[in-house]
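**Student:** Here it is, the structure, as structure tokens.
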Amino acid sequence: MEKTSVRRFSTSIIKPKPDQEDKPRLALTPWDLPILSAHYIQKGLLFPNLQNSLVDSLRHSLSRALAIFYPLAGRLVTETDDISSCISIDCNAAGAEFVHAAADITVDDVLAPIDVPPIVQSFFPLNEAVNHDGHFLPLLAVQLTELRDGYFIGCSFNHAVADGSAFWQFFTSWAEITRNGTTAAISRPPVTQRCFLNGTSEVRLPFKDVNVLIERYKPPPLTDRFFHFSRQSISRLKARANEEAKKYNISSFQALSALTWRSIVRAMGLPRDEKTTCKFSVDSRSRLNPPLSRDYFGNAIGMISATATVEKLLDNKLGWAAAVLNQNVAAHTDEVVRGALDAWVTSPKIHHLSALNGQAVTTGSSPRFDVYGVDFGWGKAAAVRSGIDNKFSGKITSFPGREGIGSIDLEICLPSAAMRALVTDDEFVEFIAAMD
């Protein structure tokens, strides 16, 4: 399989249909702008049992989906003066990219290896594109890769346009249109108006040329592996964390984050006097007062960050780490969210992925996303996979387990030596389960 390559049959631009009148430009917000240097979101689904005539069907339904999620059919545009710039989404219906490809492998070839096989990276278009590239690249590109006995649908989605919650809303809606027909209404239309919490309608950056602030980050060699945590395992983990912390409001995800933080720090062999940080993203929509609609189609994520010395993290129990994370989540209030955005406007900064590589345990995505609810009418997906982008040492991507009901899958990226240490870590191994 190492010698197998993905063959591209065609690449086309899909424009929104039915045609609509021009839409106003959507200025990027203080949630969107800091991640201009990050890569596109890359997530996709693996389906067994190859269907016939998928290409035309998916192209037609995608054009309908783009008419609804119209920012994805646009391009970024920058307006400048002598001292500043403003970046917006020009909703000009330029279109999204659709790639039709094939690989001479099976579904089991993707699922069976212990580590995610490198060929999966080729199931996604626009590898290594950063969000700022949306000035000249499509804001959305999808690839249908036919396998011997199945197919993979991979989406590359400009993260400056919207976050993971919006990504899965789009993916689910596209599948709904494919399943029900292009004339049917979707169950969750997006709210596309941008949200500026400080009352403005745009943010002007104090840089004439933002491009000079963009980093072209390439990850070092990493081992990429999925770990499964069953509902029963998660329940035991949560109970232990709450018992050790002597509190009963630590969530399953906080307990799991504490476990991975401690286990990865041990696997990395960090010095005991060094500081270590655990970060994970949270959806701020429901934390605002008044809350944003869950269908808000933009970025609305905040980053929870907890820091401790390696000595303190490892000498205390799991419950201690979980309690630290719990306190930081509770502190992510409306006031804190608004204050952080105002502070960024006062002193704007473009985040670089290189600053995260090996410096923190960072978890993205969410087990709350309805990944396996994406229903094209072909049956439930066999697995979810991500592309090469936005990965670094210590990066974790969380997904719901395929069987649902509280199970969680984690995709973990580490150098090979650290991964070997992680899979023999007693505390970590106690809770992982075999993948179904």
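Scheme for the structure tokens: letters A, B, ... for chains in order shown; per-chain residue numbers from 1; ligand numbers from 1 in order shown.
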Hey, what does DSSP flag as alpha helix (DSSP H) within range 194-365 of chain A? Can you give it to me as an NGL selection string?
**Tutor:** :A and (231-245 or 252-268 or 310-315 or 318-330 or 334-346)
**Student:** Would you write out those residues with C-alpha atoms, as a PDB file, in the first residue's frame?
**Tutor:**
ATOM      1  CA  ARG A 231     -18.774   4.508  27.113  1.00  0.00           C
ATOM      2  CA  GLN A 232     -17.947   2.238  30.051  1.00  0.00           C
ATOM      3  CA  SER A 233     -14.315   3.359  30.060  1.00  0.00           C
ATOM      4  CA  ILE A 234     -15.285   7.041  29.931  1.00  0.00           C
ATOM      5  CA  SER A 235     -17.749   6.493  32.783  1.00  0.00           C
ATOM      6  CA  ARG A 236     -15.036   4.927  34.965  1.00  0.00           C
ATOM      7  CA  LEU A 237     -12.622   7.711  34.114  1.00  0.00           C
ATOM      8  CA  LYS A 238     -15.133  10.425  34.984  1.00  0.00           C
ATOM      9  CA  ALA A 239     -16.015   8.729  38.273  1.00  0.00           C
ATOM     10  CA  ARG A 240     -12.354   8.473  39.275  1.00  0.00           C
ATOM     11  CA  ALA A 241     -11.655  12.105  38.454  1.00  0.00           C
ATOM     12  CA  ASN A 242     -14.635  13.340  40.486  1.00  0.00           C
ATOM     13  CA  GLU A 243     -13.806  11.065  43.422  1.00  0.00           C
ATOM     14  CA  GLU A 244     -10.162  12.147  43.527  1.00  0.00           C
ATOM     15  CA  ALA A 245     -11.062  15.822  43.124  1.00  0.00           C
ATOM     16  CA  SER A 252     -16.297  13.252  30.809  1.00  0.00           C
ATOM     17  CA  PHE A 253     -14.274  15.374  28.396  1.00  0.00           C
ATOM     18  CA  GLN A 254     -12.455  17.197  31.211  1.00  0.00           C
ATOM     19  CA  ALA A 255     -11.527  13.859  32.786  1.00  0.00           C
ATOM     20  CA  LEU A 256     -10.323  12.520  29.426  1.00  0.00           C
ATOM     21  CA  SER A 257      -8.308  15.697  28.772  1.00  0.00           C
ATOM     22  CA  ALA A 258      -6.644  15.326  32.173  1.00  0.00           C
ATOM     23  CA  LEU A 259      -5.736  11.729  31.330  1.00  0.00           C
ATOM     24  CA  THR A 260      -4.177  12.600  27.972  1.00  0.00           C
ATOM     25  CA  TRP A 261      -2.340  15.609  29.413  1.00  0.00           C
ATOM     26  CA  ARG A 262      -0.671  13.518  32.119  1.00  0.00           C
ATOM     27  CA  SER A 263       0.016  10.536  29.861  1.00  0.00           C
ATOM     28  CA  ILE A 264       1.522  12.551  27.005  1.00  0.00           C
ATOM     29  CA  VAL A 265       3.717  14.565  29.382  1.00  0.00           C
ATOM     30  CA  ARG A 266       5.071  11.286  30.780  1.00  0.00           C
ATOM     31  CA  ALA A 267       5.551   9.920  27.264  1.00  0.00           C
ATOM     32  CA  MET A 268       7.472  13.029  26.210  1.00  0.00           C
ATOM     33  CA  VAL A 310       5.471  18.697  35.224  1.00  0.00           C
ATOM     34  CA  GLU A 311       6.243  17.859  38.844  1.00  0.00           C
ATOM     35  CA  LYS A 312       2.902  19.141  40.128  1.00  0.00           C
ATOM     36  CA  LEU A 313       0.932  17.585  37.277  1.00  0.00           C
ATOM     37  CA  LEU A 314       2.409  14.116  37.768  1.00  0.00           C
ATOM     38  CA  ASP A 315       2.822  14.050  41.548  1.00  0.00           C
ATOM     39  CA  LEU A 318      -5.747  12.511  37.838  1.00  0.00           C
ATOM     40  CA  GLY A 319      -8.506  14.316  39.729  1.00  0.00           C
ATOM     41  CA  TRP A 320      -6.235  17.255  40.478  1.00  0.00           C
ATOM     42  CA  ALA A 321      -5.543  17.856  36.780  1.00  0.00           C
ATOM     43  CA  ALA A 322      -9.228  17.420  35.937  1.00  0.00           C
ATOM     44  CA  ALA A 323     -10.200  19.967  38.605  1.00  0.00           C
ATOM     45  CA  VAL A 324      -7.735  22.504  37.177  1.00  0.00           C
ATOM     46  CA  LEU A 325      -9.303  22.099  33.739  1.00  0.00           C
ATOM     47  CA  ASN A 326     -12.808  22.259  35.225  1.00  0.00           C
ATOM     48  CA  GLN A 327     -12.038  25.592  36.901  1.00  0.00           C
ATOM     49  CA  ASN A 328     -10.737  27.067  33.654  1.00  0.00           C
ATOM     50  CA  VAL A 329     -13.833  25.953  31.751  1.00  0.00           C
ATOM     51  CA  ALA A 330     -16.124  27.469  34.390  1.00  0.00           C
ATOM     52  CA  ASP A 334     -19.543  35.987  28.666  1.00  0.00           C
ATOM     53  CA  GLU A 335     -17.378  38.646  30.299  1.00  0.00           C
ATOM     54  CA  VAL A 336     -14.168  36.715  29.663  1.00  0.00           C
ATOM     55  CA  VAL A 337     -15.076  35.956  26.027  1.00  0.00           C
ATOM     56  CA  ARG A 338     -15.858  39.603  25.277  1.00  0.00           C
ATOM     57  CA  GLY A 339     -12.786  40.811  27.142  1.00  0.00           C
ATOM     58  CA  ALA A 340     -10.480  38.509  25.179  1.00  0.00           C
ATOM     59  CA  LEU A 341     -11.887  39.701  21.855  1.00  0.00           C
ATOM     60  CA  ASP A 342     -11.598  43.364  22.869  1.00  0.00           C
ATOM     61  CA  ALA A 343      -7.998  42.771  23.975  1.00  0.00           C
ATOM     62  CA  TRP A 344      -7.181  41.213  20.607  1.00  0.00           C
ATOM     63  CA  VAL A 345      -8.615  44.206  18.737  1.00  0.00           C
ATOM     64  CA  THR A 346      -6.434  46.498  20.867  1.00  0.00           C
TER      65      THR A 346
END
**Student:** When you look at Asn299 in chain A with a cut-off of 12 Å (counting only C-alpha atoms), what residues show up, excluding the ones that are within fewer than 3 positions of it in the same chain? I need them as a PyMOL selection string.
**Tutor:** chain A and resi 28-36+158-167+191-196+281-285+292+294-296+302
**Student:** Print the selection's residues with N, CA, C and O atoms to a file, as a tab-separated table (two decimals), in the first residue's frame.
**Tutor:**
chain	number	residue	atom	x	y	z
A	28	LEU	N	-14.29	39.84	8.27
A	28	LEU	CA	-13.83	38.87	9.25
A	28	LEU	C	-13.80	39.50	10.64
A	28	LEU	O	-13.49	40.68	10.80
A	29	THR	N	-14.10	38.69	11.64
A	29	THR	CA	-14.23	39.15	13.02
A	29	THR	C	-12.96	38.86	13.83
A	29	THR	O	-12.06	38.15	13.35
A	30	PRO	N	-12.89	39.35	15.07
A	30	PRO	CA	-11.74	39.01	15.93
A	30	PRO	C	-11.65	37.52	16.28
A	30	PRO	O	-10.64	37.08	16.83
A	31	TRP	N	-12.70	36.76	16.00
A	31	TRP	CA	-12.61	35.30	16.12
A	31	TRP	C	-11.93	34.70	14.88
A	31	TRP	O	-11.22	33.71	14.98
A	32	ASP	N	-12.15	35.31	13.72
A	32	ASP	CA	-11.66	34.76	12.44
A	32	ASP	C	-10.21	35.14	12.15
A	32	ASP	O	-9.42	34.32	11.67
A	33	LEU	N	-9.88	36.39	12.40
A	33	LEU	CA	-8.60	36.95	11.95
A	33	LEU	C	-7.37	36.31	12.58
A	33	LEU	O	-6.35	36.14	11.89
A	34	PRO	N	-7.38	35.94	13.86
A	34	PRO	CA	-6.14	35.38	14.45
A	34	PRO	C	-5.66	34.10	13.80
A	34	PRO	O	-4.49	33.74	13.93
A	35	ILE	N	-6.56	33.38	13.09
A	35	ILE	CA	-6.18	32.08	12.54
A	35	ILE	C	-5.93	32.14	11.03
A	35	ILE	O	-5.97	31.11	10.36
A	36	LEU	N	-5.62	33.31	10.51
A	36	LEU	CA	-5.32	33.41	9.09
A	36	LEU	C	-4.10	32.59	8.69
A	36	LEU	O	-3.95	32.18	7.53
A	158	ASN	N	-11.98	26.43	4.69
A	158	ASN	CA	-11.19	27.56	5.21
A	158	ASN	C	-11.65	27.92	6.61
A	158	ASN	O	-12.81	28.30	6.84
A	159	HIS	N	-10.72	27.82	7.57
A	159	HIS	CA	-11.05	28.00	8.98
A	159	HIS	C	-11.31	29.46	9.33
A	159	HIS	O	-11.95	29.75	10.35
A	160	ALA	N	-10.85	30.39	8.51
A	160	ALA	CA	-11.16	31.80	8.77
A	160	ALA	C	-12.61	32.12	8.44
A	160	ALA	O	-13.14	33.14	8.90
A	161	VAL	N	-13.26	31.25	7.68
A	161	VAL	CA	-14.67	31.44	7.35
A	161	VAL	C	-15.55	30.95	8.49
A	161	VAL	O	-16.55	31.60	8.85
A	162	ALA	N	-15.21	29.81	9.08
A	162	ALA	CA	-16.05	29.23	10.13
A	162	ALA	C	-15.28	28.15	10.88
A	162	ALA	O	-14.22	27.69	10.44
A	163	ASP	N	-15.85	27.71	12.01
A	163	ASP	CA	-15.19	26.75	12.89
A	163	ASP	C	-15.72	25.33	12.68
A	163	ASP	O	-16.49	25.06	11.75
A	164	GLY	N	-15.29	24.42	13.56
A	164	GLY	CA	-15.66	23.02	13.41
A	164	GLY	C	-17.15	22.77	13.53
A	164	GLY	O	-17.70	21.91	12.84
A	165	SER	N	-17.82	23.49	14.41
A	165	SER	CA	-19.26	23.34	14.54
A	165	SER	C	-19.95	23.68	13.23
A	165	SER	O	-20.85	22.95	12.77
A	166	ALA	N	-19.53	24.77	12.60
A	166	ALA	CA	-20.11	25.17	11.31
A	166	ALA	C	-19.71	24.20	10.20
A	166	ALA	O	-20.49	23.94	9.28
A	167	PHE	N	-18.48	23.67	10.27
A	167	PHE	CA	-18.03	22.68	9.28
A	167	PHE	C	-18.98	21.49	9.24
A	167	PHE	O	-19.44	21.08	8.17
A	191	VAL	N	-26.89	30.76	9.96
A	191	VAL	CA	-27.00	32.20	10.23
A	191	VAL	C	-25.69	32.82	9.76
A	191	VAL	O	-24.66	32.68	10.41
A	192	THR	N	-25.70	33.48	8.61
A	192	THR	CA	-24.46	33.90	7.97
A	192	THR	C	-23.99	35.31	8.35
A	192	THR	O	-22.86	35.67	8.06
A	193	GLN	N	-24.85	36.10	8.98
A	193	GLN	CA	-24.43	37.44	9.38
A	193	GLN	C	-23.32	37.35	10.42
A	193	GLN	O	-23.42	36.60	11.39
A	194	ARG	N	-22.23	38.11	10.22
A	194	ARG	CA	-21.09	38.03	11.13
A	194	ARG	C	-21.39	38.74	12.45
A	194	ARG	O	-22.12	39.74	12.50
A	195	CYS	N	-20.83	38.21	13.53
A	195	CYS	CA	-21.06	38.74	14.87
A	195	CYS	C	-19.84	39.52	15.36
A	195	CYS	O	-18.75	38.95	15.49
A	196	PHE	N	-20.02	40.80	15.61
A	196	PHE	CA	-18.99	41.65	16.21
A	196	PHE	C	-19.49	42.08	17.59
A	196	PHE	O	-20.40	42.90	17.71
A	281	SER	N	-10.28	23.58	22.75
A	281	SER	CA	-11.23	24.58	22.27
A	281	SER	C	-12.62	24.33	22.84
A	281	SER	O	-13.01	23.19	23.10
A	282	VAL	N	-13.34	25.42	23.06
A	282	VAL	CA	-14.73	25.35	23.52
A	282	VAL	C	-15.58	26.26	22.65
A	282	VAL	O	-15.12	27.29	22.15
A	283	ASP	N	-16.81	25.86	22.45
A	283	ASP	CA	-17.76	26.65	21.67
A	283	ASP	C	-18.30	27.77	22.55
A	283	ASP	O	-18.89	27.51	23.61
A	284	SER	N	-18.09	29.01	22.13
A	284	SER	CA	-18.54	30.15	22.92
A	284	SER	C	-19.98	30.56	22.63
A	284	SER	O	-20.51	31.46	23.28
A	285	ARG	N	-20.62	29.94	21.66
A	285	ARG	CA	-21.97	30.36	21.27
A	285	ARG	C	-22.92	30.39	22.47
A	285	ARG	O	-23.64	31.37	22.69
A	292	LEU	N	-25.31	33.19	21.20
A	292	LEU	CA	-25.39	33.15	19.74
A	292	LEU	C	-26.19	31.93	19.32
A	292	LEU	O	-26.22	30.91	20.01
A	294	ARG	N	-26.94	28.50	17.67
A	294	ARG	CA	-26.07	27.34	17.42
A	294	ARG	C	-25.78	27.19	15.93
A	294	ARG	O	-24.86	26.48	15.53
A	295	ASP	N	-26.59	27.86	15.09
A	295	ASP	CA	-26.41	27.80	13.65
A	295	ASP	C	-25.58	28.95	13.11
A	295	ASP	O	-25.49	29.15	11.90
A	296	TYR	N	-24.96	29.73	14.01
A	296	TYR	CA	-24.08	30.83	13.58
A	296	TYR	C	-22.97	30.27	12.73
A	296	TYR	O	-22.19	29.42	13.16
A	302	GLY	N	-13.40	29.53	21.73
A	302	GLY	CA	-12.39	30.04	22.64
A	302	GLY	C	-11.44	28.92	23.01
A	302	GLY	O	-11.73	27.74	22.78
**Student:** Quick one: DSSP strand (DSSP E) residues in range 92-324 of chain A, as a PyMOL selection string?
**Tutor:** chain A and resi 96-102+140-146+150-157+223-229+275-283+301-309
**Student:** Just checking: using only C-alpha atoms, which residue out of A:Leu140, A:Val120, A:Leu45, A:Ile68 ends up closest to Ser187 in chain A?
**Tutor:**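 Comparing A:Leu140, A:Val120, A:Leu45, A:Ile68 against Ser187 in chain A, the winner is A:Ile68.
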**Student:** Which polymer residues have any atom within 10 Å of an atom of Pro221 in chain A, counting only C-alpha atoms, with same-chain residues fewer than 2 positions away left out, as number ranges by chain?
**Tutor:** A: 218-219, 223-224, 392-393, 413-416
**Student:** Fewer than 6 positions away in the same chain doesn't count, so skip those; otherwise give me all residues within 12 Å of Leu353 in chain A, counting only C-alpha atoms, as a short mmCIF file (atom, residue, chain, number, x, y, z; two decimals) with all heavy atoms, in the first residue's frame.
**Tutor:**
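Now in selection-v3.cif:
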data_model
loop_
_atom_site.label_atom_id
_atom_site.label_comp_id
_atom_site.auth_asym_id
_atom_site.auth_seq_id
_atom_site.Cartn_x
_atom_site.Cartn_y
_atom_site.Cartn_z
N PRO A 34 -7.38 35.94 13.86
CA PRO A 34 -6.14 35.38 14.45
C PRO A 34 -5.66 34.10 13.80
O PRO A 34 -4.49 33.74 13.93
CB PRO A 34 -6.53 35.15 15.92
CG PRO A 34 -7.66 36.07 16.17
CD PRO A 34 -8.42 36.12 14.88
N ILE A 35 -6.56 33.38 13.09
CA ILE A 35 -6.18 32.08 12.54
C ILE A 35 -5.93 32.14 11.03
O ILE A 35 -5.97 31.11 10.36
CB ILE A 35 -7.23 31.00 12.88
CG1 ILE A 35 -8.63 31.43 12.42
CG2 ILE A 35 -7.22 30.70 14.36
CD1 ILE A 35 -9.68 30.34 12.64
N LEU A 36 -5.62 33.31 10.51
CA LEU A 36 -5.32 33.41 9.09
C LEU A 36 -4.10 32.59 8.69
O LEU A 36 -3.95 32.18 7.53
CB LEU A 36 -5.08 34.88 8.71
CG LEU A 36 -6.33 35.75 8.57
CD1 LEU A 36 -5.93 37.22 8.44
CD2 LEU A 36 -7.17 35.31 7.37
N SER A 37 -3.21 32.32 9.65
CA SER A 37 -1.99 31.58 9.35
C SER A 37 -2.14 30.08 9.60
O SER A 37 -1.23 29.31 9.29
CB SER A 37 -0.82 32.12 10.20
OG SER A 37 0.41 31.72 9.67
N ALA A 38 -3.29 29.66 10.17
CA ALA A 38 -3.54 28.23 10.36
C ALA A 38 -3.97 27.60 9.04
O ALA A 38 -4.30 28.29 8.07
CB ALA A 38 -4.62 28.02 11.42
N HIS A 39 -3.95 26.28 9.00
CA HIS A 39 -4.38 25.56 7.80
C HIS A 39 -5.89 25.46 7.73
O HIS A 39 -6.60 25.72 8.71
CB HIS A 39 -3.80 24.14 7.80
CG HIS A 39 -2.31 24.10 7.72
ND1 HIS A 39 -1.53 23.32 8.54
CD2 HIS A 39 -1.44 24.74 6.91
CE1 HIS A 39 -0.26 23.46 8.23
NE2 HIS A 39 -0.18 24.33 7.24
N VAL A 130 -2.98 27.68 3.76
CA VAL A 130 -3.34 28.39 4.98
C VAL A 130 -4.56 29.25 4.68
O VAL A 130 -4.88 29.54 3.52
CB VAL A 130 -2.17 29.25 5.52
CG1 VAL A 130 -0.97 28.38 5.84
CG2 VAL A 130 -1.79 30.35 4.54
N ILE A 214 2.14 35.90 7.74
CA ILE A 214 1.67 34.53 7.54
C ILE A 214 2.85 33.56 7.57
O ILE A 214 3.85 33.75 6.89
CB ILE A 214 0.92 34.40 6.21
CG1 ILE A 214 -0.28 35.36 6.19
CG2 ILE A 214 0.46 32.97 6.00
CD1 ILE A 214 -1.27 35.17 7.32
N GLU A 215 2.71 32.51 8.37
CA GLU A 215 3.73 31.46 8.48
C GLU A 215 3.33 30.27 7.63
O GLU A 215 2.15 29.89 7.58
CB GLU A 215 3.85 31.02 9.95
CG GLU A 215 4.81 29.85 10.17
CD GLU A 215 4.73 29.32 11.58
OE1 GLU A 215 3.66 28.80 11.97
OE2 GLU A 215 5.74 29.42 12.31
N ARG A 216 4.29 29.66 6.95
CA ARG A 216 4.07 28.45 6.17
C ARG A 216 4.61 27.27 6.96
O ARG A 216 5.72 26.79 6.76
CB ARG A 216 4.76 28.54 4.80
CG ARG A 216 4.24 29.67 3.93
CD ARG A 216 2.87 29.39 3.38
NE ARG A 216 2.28 30.56 2.74
CZ ARG A 216 1.11 30.55 2.12
NH1 ARG A 216 0.41 29.43 2.06
NH2 ARG A 216 0.63 31.65 1.58
N TYR A 217 3.83 26.81 7.90
CA TYR A 217 4.28 25.76 8.82
C TYR A 217 4.14 24.37 8.21
O TYR A 217 3.11 24.05 7.62
CB TYR A 217 3.45 25.83 10.12
CG TYR A 217 3.67 24.67 11.05
CD1 TYR A 217 4.79 24.60 11.86
CD2 TYR A 217 2.74 23.62 11.10
CE1 TYR A 217 4.98 23.52 12.72
CE2 TYR A 217 2.93 22.55 11.96
CZ TYR A 217 4.05 22.50 12.76
OH TYR A 217 4.24 21.43 13.60
N LYS A 218 5.18 23.57 8.34
CA LYS A 218 5.13 22.17 7.95
C LYS A 218 5.44 21.32 9.18
O LYS A 218 6.45 21.56 9.87
CB LYS A 218 6.14 21.87 6.84
CG LYS A 218 5.77 22.51 5.50
CD LYS A 218 6.69 22.00 4.39
CE LYS A 218 6.26 22.59 3.04
NZ LYS A 218 7.09 22.07 1.93
N PRO A 219 4.61 20.34 9.48
CA PRO A 219 4.84 19.55 10.69
C PRO A 219 6.07 18.68 10.56
O PRO A 219 6.45 18.26 9.46
CB PRO A 219 3.57 18.69 10.79
CG PRO A 219 3.08 18.58 9.38
CD PRO A 219 3.42 19.90 8.73
N PRO A 220 6.72 18.39 11.69
CA PRO A 220 7.84 17.44 11.67
C PRO A 220 7.31 16.03 11.48
O PRO A 220 6.08 15.82 11.49
CB PRO A 220 8.44 17.62 13.08
CG PRO A 220 7.26 18.01 13.93
CD PRO A 220 6.41 18.87 13.05
N GLN A 359 5.00 22.16 22.48
CA GLN A 359 4.98 23.05 23.64
C GLN A 359 3.74 22.87 24.50
O GLN A 359 3.67 23.40 25.60
CB GLN A 359 5.04 24.51 23.16
CG GLN A 359 6.25 24.84 22.31
CD GLN A 359 7.55 24.53 23.01
OE1 GLN A 359 7.78 24.98 24.13
NE2 GLN A 359 8.40 23.77 22.35
N ALA A 360 2.75 22.15 24.01
CA ALA A 360 1.52 21.98 24.76
C ALA A 360 0.79 20.75 24.24
O ALA A 360 1.04 20.26 23.14
CB ALA A 360 0.63 23.21 24.61
N THR A 362 -2.67 19.96 22.95
CA THR A 362 -3.74 20.81 22.41
C THR A 362 -4.79 19.95 21.73
O THR A 362 -4.48 19.19 20.81
CB THR A 362 -3.17 21.81 21.39
OG1 THR A 362 -2.12 22.57 22.00
CG2 THR A 362 -4.25 22.75 20.90
N ASP A 389 -3.08 18.57 7.70
CA ASP A 389 -2.94 19.96 8.13
C ASP A 389 -3.34 20.19 9.59
O ASP A 389 -4.10 19.41 10.18
CB ASP A 389 -3.74 20.87 7.22
CG ASP A 389 -3.09 21.00 5.84
OD1 ASP A 389 -1.90 20.67 5.73
OD2 ASP A 389 -3.78 21.41 4.89
N ASN A 390 -2.79 21.28 10.16
CA ASN A 390 -3.02 21.66 11.55
C ASN A 390 -2.55 20.59 12.53
O ASN A 390 -3.15 20.41 13.60
CB ASN A 390 -4.50 21.99 11.80
CG ASN A 390 -4.92 23.26 11.10
OD1 ASN A 390 -4.25 24.28 11.21
ND2 ASN A 390 -6.02 23.20 10.37
N LYS A 391 -1.49 19.88 12.18
CA LYS A 391 -0.96 18.84 13.07
C LYS A 391 0.44 19.20 13.53
O LYS A 391 1.24 19.78 12.79
CB LYS A 391 -0.98 17.48 12.37
CG LYS A 391 -2.40 16.97 12.19
CD LYS A 391 -2.47 15.60 11.57
CE LYS A 391 -3.91 15.10 11.54
NZ LYS A 391 -4.05 13.81 10.86
N PHE A 392 0.70 18.83 14.77
CA PHE A 392 1.99 19.10 15.40
C PHE A 392 2.14 18.16 16.58
O PHE A 392 1.17 17.47 16.97
CB PHE A 392 2.07 20.57 15.84
CG PHE A 392 0.82 21.08 16.51
CD1 PHE A 392 0.58 20.85 17.86
CD2 PHE A 392 -0.14 21.77 15.77
CE1 PHE A 392 -0.58 21.30 18.46
CE2 PHE A 392 -1.31 22.23 16.37
CZ PHE A 392 -1.53 21.99 17.73
N SER A 393 3.30 18.10 17.15
CA SER A 393 3.53 17.21 18.30
C SER A 393 2.68 17.66 19.48
O SER A 393 2.76 18.81 19.92
CB SER A 393 5.01 17.23 18.69
OG SER A 393 5.23 16.44 19.84
N GLY A 394 1.85 16.75 19.98
CA GLY A 394 0.95 17.07 21.07
C GLY A 394 -0.45 17.45 20.63
O GLY A 394 -1.29 17.79 21.46
N LYS A 395 -0.73 17.37 19.32
CA LYS A 395 -2.07 17.69 18.81
C LYS A 395 -2.99 16.48 18.98
O LYS A 395 -2.65 15.35 18.60
CB LYS A 395 -2.00 18.10 17.34
CG LYS A 395 -3.37 18.29 16.68
CD LYS A 395 -4.13 19.46 17.27
CE LYS A 395 -5.51 19.63 16.63
NZ LYS A 395 -5.43 20.03 15.22
#
**Student:** Any idea what the distance is between CA of Leu72 in chain A and CA of Ile186 in chain A?
**Tutor:**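 Those two atoms sit 16.7 Å apart.
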**Student:** CA of Ala73 in chain A and CA of Gly377 in chain A are how many Å apart?
**Tutor:**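 Rounded to one decimal, the two atoms are 24.6 Å apart.
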**Student:** With only C-alpha atoms as the basis for distance, which of A:Val423, A:Leu197, A:Leu410, A:Ala331 is at the shortest distance from Pro291 in chain A?
**Tutor:**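 Once distances to Pro291 in chain A are computed over only C-alpha atoms, the minimum belongs to A:Leu197.
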**Student:** Using only C-alpha atoms, find the one residue out of A:Leu144, A:Ile388, A:Ala184, A:Leu137 that sits nearest to Pro117 in chain A.
**Tutor:**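 Comparing A:Leu144, A:Ile388, A:Ala184, A:Leu137 against Pro117 in chain A, the winner is A:Ile388.
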